[in-house]
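Take a look at the structure set out below.
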Amino acid sequence: MKKPKRASAAKAKTGRKPSAGRSKAALRRPAKPARRGASADGDAKVIRGLRSKLKQALQRVAELEAAADTDFLLDIPNRRGFERELQRAVAYMKRYRASGALIVLDVDRLKPINDSFGHAAGDEVLKAIADALTRQVRASDVVGRLGGDEFALLLWNLSETDAKAKAAAFEQAIDELPFVFRGQHVTAGASAGVAVLGAQSDAARALEEADAAMYVRKACRRHEPRISLASS
């Protein structure tokens, strides 16, 4: 009499429906991976955002560094930028036994132009000189402004003779630049000094040599007819 009861109880047990609580728990289980996926997507979005901000920050740093090395008026390397390029060039020459030349060029009478016609006129002269120098050099060469009315040029693969000829050509090009301020025709000359660059060169010493040669040249040019301030 007891055996049928146990069988009936077992049958009832196997046929029992899941409780409402268990059904809800079962429905909630698949949601867990979805939450993990949503979290991963959020993390990826944050990472992408951080990478974008980092890229923008690095770009801004590069822009600031470039601005720090560039003359704001003439858009060519300033003294800091030019000296950096010169040091790199000397290091390359030492390693590969290359050669070149450094030319320091000073505008002969920028101050009288500024005094007579104002600094806007002086700025126009500087811009015209920078353009004239840039047009006469190769893409691998560097034209920079050391400050005030002084320029410097880094020229690759030139002998001393060729470098001096190039310096004379720069002087002539600047001597021939015409300007008209307040009805007056004005010409501004320039004096150039040369230092040869090679495997034994030192950047700072080369600048000193070219600068000294420029002052010698300027003294010579005082006796040459080169600058005029005459009414039209």
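A note on labels: chains of the structure tokens are A, B, ... as shown, every chain counts residues from 1, and ligands are counted from 1 in their shown order.
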Contacts of segment 116-133 of chain A within 10 Å, only C-alpha atoms, excl. fewer than 6 positions in-chain, as number ranges by chain: A: 73-76, 107, 109-110, 142-145, 148-153, 169-171, 173-175, 177-182, 184, 186-190, 229
Residues of the last selection are to be written out with N, CA, C and O atoms, as a tab-separated table (two decimals), in the first residue's frame.
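That gives us part_23.tsv:
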chain	number	residue	atom	x	y	z
A	73	LEU	N	57.23	87.53	-37.61
A	73	LEU	CA	57.06	88.51	-38.70
A	73	LEU	C	57.38	87.91	-40.06
A	73	LEU	O	56.65	88.13	-41.03
A	74	LEU	N	58.46	87.13	-40.14
A	74	LEU	CA	58.97	86.68	-41.43
A	74	LEU	C	58.64	85.23	-41.74
A	74	LEU	O	58.88	84.77	-42.86
A	75	ASP	N	58.14	84.49	-40.78
A	75	ASP	CA	57.77	83.08	-40.97
A	75	ASP	C	58.98	82.25	-41.44
A	75	ASP	O	58.85	81.39	-42.31
A	76	ILE	N	60.13	82.53	-40.85
A	76	ILE	CA	61.33	81.72	-41.05
A	76	ILE	C	61.89	81.42	-39.66
A	76	ILE	O	61.47	82.03	-38.68
A	107	VAL	N	71.64	93.74	-42.48
A	107	VAL	CA	71.11	94.85	-43.28
A	107	VAL	C	71.88	96.11	-42.90
A	107	VAL	O	72.03	96.43	-41.73
A	109	ARG	N	71.43	99.47	-43.37
A	109	ARG	CA	70.85	100.70	-42.81
A	109	ARG	C	69.36	100.54	-42.53
A	109	ARG	O	68.54	101.31	-43.02
A	110	LEU	N	69.02	99.55	-41.76
A	110	LEU	CA	67.61	99.39	-41.39
A	110	LEU	C	67.18	100.47	-40.39
A	110	LEU	O	66.07	100.98	-40.45
A	142	VAL	N	68.74	76.50	-45.27
A	142	VAL	CA	67.92	77.12	-44.23
A	142	VAL	C	68.22	78.61	-44.17
A	142	VAL	O	69.39	79.02	-44.13
A	143	VAL	N	67.16	79.42	-44.19
A	143	VAL	CA	67.28	80.87	-44.00
A	143	VAL	C	66.62	81.22	-42.67
A	143	VAL	O	65.47	80.85	-42.42
A	144	GLY	N	67.35	81.92	-41.81
A	144	GLY	CA	66.81	82.28	-40.51
A	144	GLY	C	67.09	83.73	-40.16
A	144	GLY	O	67.92	84.39	-40.80
A	145	ARG	N	66.37	84.22	-39.17
A	145	ARG	CA	66.60	85.57	-38.67
A	145	ARG	C	67.17	85.46	-37.25
A	145	ARG	O	66.51	84.95	-36.35
A	148	GLY	N	66.65	91.32	-34.96
A	148	GLY	CA	66.83	92.66	-35.51
A	148	GLY	C	66.97	92.63	-37.02
A	148	GLY	O	66.10	92.15	-37.75
A	149	ASP	N	68.12	93.14	-37.50
A	149	ASP	CA	68.36	93.20	-38.95
A	149	ASP	C	69.41	92.19	-39.39
A	149	ASP	O	70.06	92.37	-40.41
A	150	GLU	N	69.58	91.11	-38.62
A	150	GLU	CA	70.61	90.12	-38.92
A	150	GLU	C	69.98	88.79	-39.34
A	150	GLU	O	69.13	88.24	-38.63
A	151	PHE	N	70.43	88.27	-40.47
A	151	PHE	CA	69.96	87.01	-41.01
A	151	PHE	C	71.12	86.01	-41.01
A	151	PHE	O	72.29	86.37	-40.94
A	152	ALA	N	70.77	84.73	-41.13
A	152	ALA	CA	71.78	83.68	-41.26
A	152	ALA	C	71.28	82.66	-42.26
A	152	ALA	O	70.07	82.39	-42.35
A	153	LEU	N	72.22	82.07	-43.00
A	153	LEU	CA	71.87	81.07	-44.01
A	153	LEU	C	72.77	79.85	-43.84
A	153	LEU	O	74.00	79.99	-43.70
A	169	ALA	N	76.33	87.33	-54.18
A	169	ALA	CA	75.06	87.34	-54.91
A	169	ALA	C	73.92	87.79	-54.00
A	169	ALA	O	73.02	88.53	-54.43
A	170	PHE	N	73.95	87.37	-52.75
A	170	PHE	CA	72.92	87.81	-51.80
A	170	PHE	C	73.01	89.32	-51.59
A	170	PHE	O	71.99	90.02	-51.55
A	171	GLU	N	74.23	89.83	-51.44
A	171	GLU	CA	74.41	91.27	-51.25
A	171	GLU	C	73.85	92.04	-52.44
A	171	GLU	O	73.13	93.04	-52.27
A	173	ALA	N	71.58	91.10	-54.63
A	173	ALA	CA	70.12	90.99	-54.71
A	173	ALA	C	69.44	91.96	-53.75
A	173	ALA	O	68.42	92.59	-54.09
A	174	ILE	N	70.02	92.12	-52.57
A	174	ILE	CA	69.42	93.03	-51.58
A	174	ILE	C	69.69	94.48	-51.96
A	174	ILE	O	68.83	95.36	-51.78
A	175	ASP	N	70.89	94.75	-52.50
A	175	ASP	CA	71.20	96.11	-52.94
A	175	ASP	C	70.20	96.58	-53.99
A	175	ASP	O	69.90	97.78	-54.09
A	177	LEU	N	67.01	95.71	-54.34
A	177	LEU	CA	65.60	95.74	-53.96
A	177	LEU	C	65.12	97.20	-53.89
A	177	LEU	O	65.67	98.01	-53.15
A	178	PRO	N	64.07	97.55	-54.63
A	178	PRO	CA	63.58	98.94	-54.62
A	178	PRO	C	62.42	99.11	-53.63
A	178	PRO	O	61.55	98.25	-53.50
A	179	PHE	N	62.42	100.23	-52.94
A	179	PHE	CA	61.32	100.57	-52.03
A	179	PHE	C	60.95	102.03	-52.23
A	179	PHE	O	61.80	102.87	-52.56
A	180	VAL	N	59.67	102.32	-52.02
A	180	VAL	CA	59.20	103.69	-52.07
A	180	VAL	C	58.40	103.96	-50.80
A	180	VAL	O	57.38	103.32	-50.56
A	181	PHE	N	58.87	104.90	-50.00
A	181	PHE	CA	58.20	105.28	-48.76
A	181	PHE	C	57.99	106.80	-48.78
A	181	PHE	O	58.95	107.56	-48.93
A	182	ARG	N	56.73	107.21	-48.67
A	182	ARG	CA	56.38	108.64	-48.65
A	182	ARG	C	56.96	109.38	-49.85
A	182	ARG	O	57.49	110.48	-49.75
A	184	GLN	N	59.56	108.67	-51.55
A	184	GLN	CA	61.00	108.59	-51.68
A	184	GLN	C	61.43	107.18	-52.07
A	184	GLN	O	60.92	106.20	-51.53
A	186	VAL	N	63.95	104.24	-51.90
A	186	VAL	CA	64.88	103.80	-50.87
A	186	VAL	C	65.46	102.45	-51.25
A	186	VAL	O	64.74	101.57	-51.74
A	187	THR	N	66.76	102.30	-51.05
A	187	THR	CA	67.38	100.99	-51.21
A	187	THR	C	68.12	100.66	-49.93
A	187	THR	O	68.74	101.53	-49.32
A	188	ALA	N	68.06	99.41	-49.52
A	188	ALA	CA	68.75	98.98	-48.30
A	188	ALA	C	69.72	97.88	-48.67
A	188	ALA	O	69.35	96.87	-49.26
A	189	GLY	N	70.99	98.08	-48.35
A	189	GLY	CA	72.00	97.07	-48.68
A	189	GLY	C	72.20	96.09	-47.54
A	189	GLY	O	71.55	96.15	-46.51
A	190	ALA	N	73.13	95.18	-47.75
A	190	ALA	CA	73.44	94.18	-46.72
A	190	ALA	C	74.89	93.75	-46.87
A	190	ALA	O	75.45	93.76	-47.97
A	229	LEU	N	68.86	107.39	-50.20
A	229	LEU	CA	67.59	107.91	-49.70
A	229	LEU	C	67.39	109.23	-50.45
A	229	LEU	O	67.85	110.28	-50.02
Per-residue nearest contacts of segment 81-175 of chain A to segment 196-201 of chain A (9 Å; only C-alpha atoms) as a Markdown table:
| residue | atom | partner | partner_atom | distance |
| --- | --- | --- | --- | --- |
| A:Val90 | CA | A:Ser201 | CA | 6.6 |
| A:Ala91 | CA | A:Ala199 | CA | 8.1 |
| A:Tyr92 | CA | A:Ala199 | CA | 8.4 |
| A:Met93 | CA | A:Ala199 | CA | 5.1 |
| A:Lys94 | CA | A:Ala199 | CA | 4.0 |
| A:Arg95 | CA | A:Ala199 | CA | 7.4 |
| A:Tyr96 | CA | A:Ala199 | CA | 7.9 |
| A:Arg97 | CA | A:Ala199 | CA | 5.2 |
| A:Ala98 | CA | A:Gly198 | CA | 6.2 |
| A:Ser99 | CA | A:Gly198 | CA | 4.5 |
| A:Gly100 | CA | A:Leu197 | CA | 4.9 |
| A:Ala101 | CA | A:Val196 | CA | 4.5 |
| A:Leu102 | CA | A:Val196 | CA | 6.2 |
| A:Ile103 | CA | A:Val196 | CA | 8.7 |
| A:Trp156 | CA | A:Leu197 | CA | 8.8 |
| A:Leu158 | CA | A:Val196 | CA | 8.3 |
| A:Ser159 | CA | A:Val196 | CA | 7.4 |
| A:Glu160 | CA | A:Val196 | CA | 6.0 |
| A:Ala163 | CA | A:Val196 | CA | 7.9 |
Using backbone DSSP assignments, extract all alpha helix (DSSP H) residues from segment 68-204 of chain A; output them as a count of residues only. 62
Taking the backbone alone, and naming residues the way the document does, which bits of segment 74-223 of chain A are strand (DSSP E or B) by DSSP, as a ChimeraX atom specification? /A:77,100-107,142-147,150-156,179-181,184-186,190-197
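Residue nearest Ala203 of chain A, chosen from A:Arg80, A:Arg88, A:Arg51, A:Arg222 and counting only C-alpha atoms: A:Arg88.
With only C-alpha atoms as the atoms that count, the residue of A:Lys45, A:Gly147, A:Arg138, A:Asp162 with the shortest distance to Asn78 of chain A is A:Gly147.
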Near-Val216 of chain A list (9 Å; only C-alpha atoms; drop same-chain fewer than 5 positions) as a PyMOL selection string: chain A and resi 191+193+211+221
Please dump the current selection as a short mmCIF file (atom, residue, chain, number, x, y, z; two decimals), in the first residue's frame; keep all heavy atoms.
data_model
loop_
_atom_site.label_atom_id
_atom_site.label_comp_id
_atom_site.auth_asym_id
_atom_site.auth_seq_id
_atom_site.Cartn_x
_atom_site.Cartn_y
_atom_site.Cartn_z
N SER A 191 75.49 93.37 -45.74
CA SER A 191 76.86 92.87 -45.73
C SER A 191 76.85 91.43 -45.23
O SER A 191 76.16 91.11 -44.26
CB SER A 191 77.72 93.73 -44.80
OG SER A 191 77.69 95.08 -45.20
N GLY A 193 79.02 87.77 -44.21
CA GLY A 193 80.25 87.09 -43.82
C GLY A 193 80.08 85.59 -43.90
O GLY A 193 78.98 85.07 -43.69
N ASP A 211 79.99 85.87 -38.15
CA ASP A 211 79.62 87.19 -37.66
C ASP A 211 80.81 88.15 -37.75
O ASP A 211 80.65 89.31 -38.18
CB ASP A 211 79.14 87.08 -36.22
CG ASP A 211 78.34 88.30 -35.77
OD1 ASP A 211 77.34 88.63 -36.44
OD2 ASP A 211 78.71 88.91 -34.75
N ARG A 221 82.30 97.83 -47.05
CA ARG A 221 81.18 98.35 -47.84
C ARG A 221 80.84 99.80 -47.50
O ARG A 221 80.10 100.44 -48.23
CB ARG A 221 79.94 97.46 -47.65
CG ARG A 221 79.97 96.21 -48.50
CD ARG A 221 78.80 95.28 -48.18
NE ARG A 221 77.52 95.91 -48.39
CZ ARG A 221 76.87 95.97 -49.57
NH1 ARG A 221 77.41 95.43 -50.64
NH2 ARG A 221 75.69 96.54 -49.66
#
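If you measure from each of A:Glu176, A:Asp41, A:Gly183, A:Leu146 to Gly81 of chain A using only C-alpha atoms, the closest one turns out to be A:Leu146.
Atom to atom, atom CA of Met214 of chain A and atom CA of Gln172 of chain A stand 14.9 Å apart.
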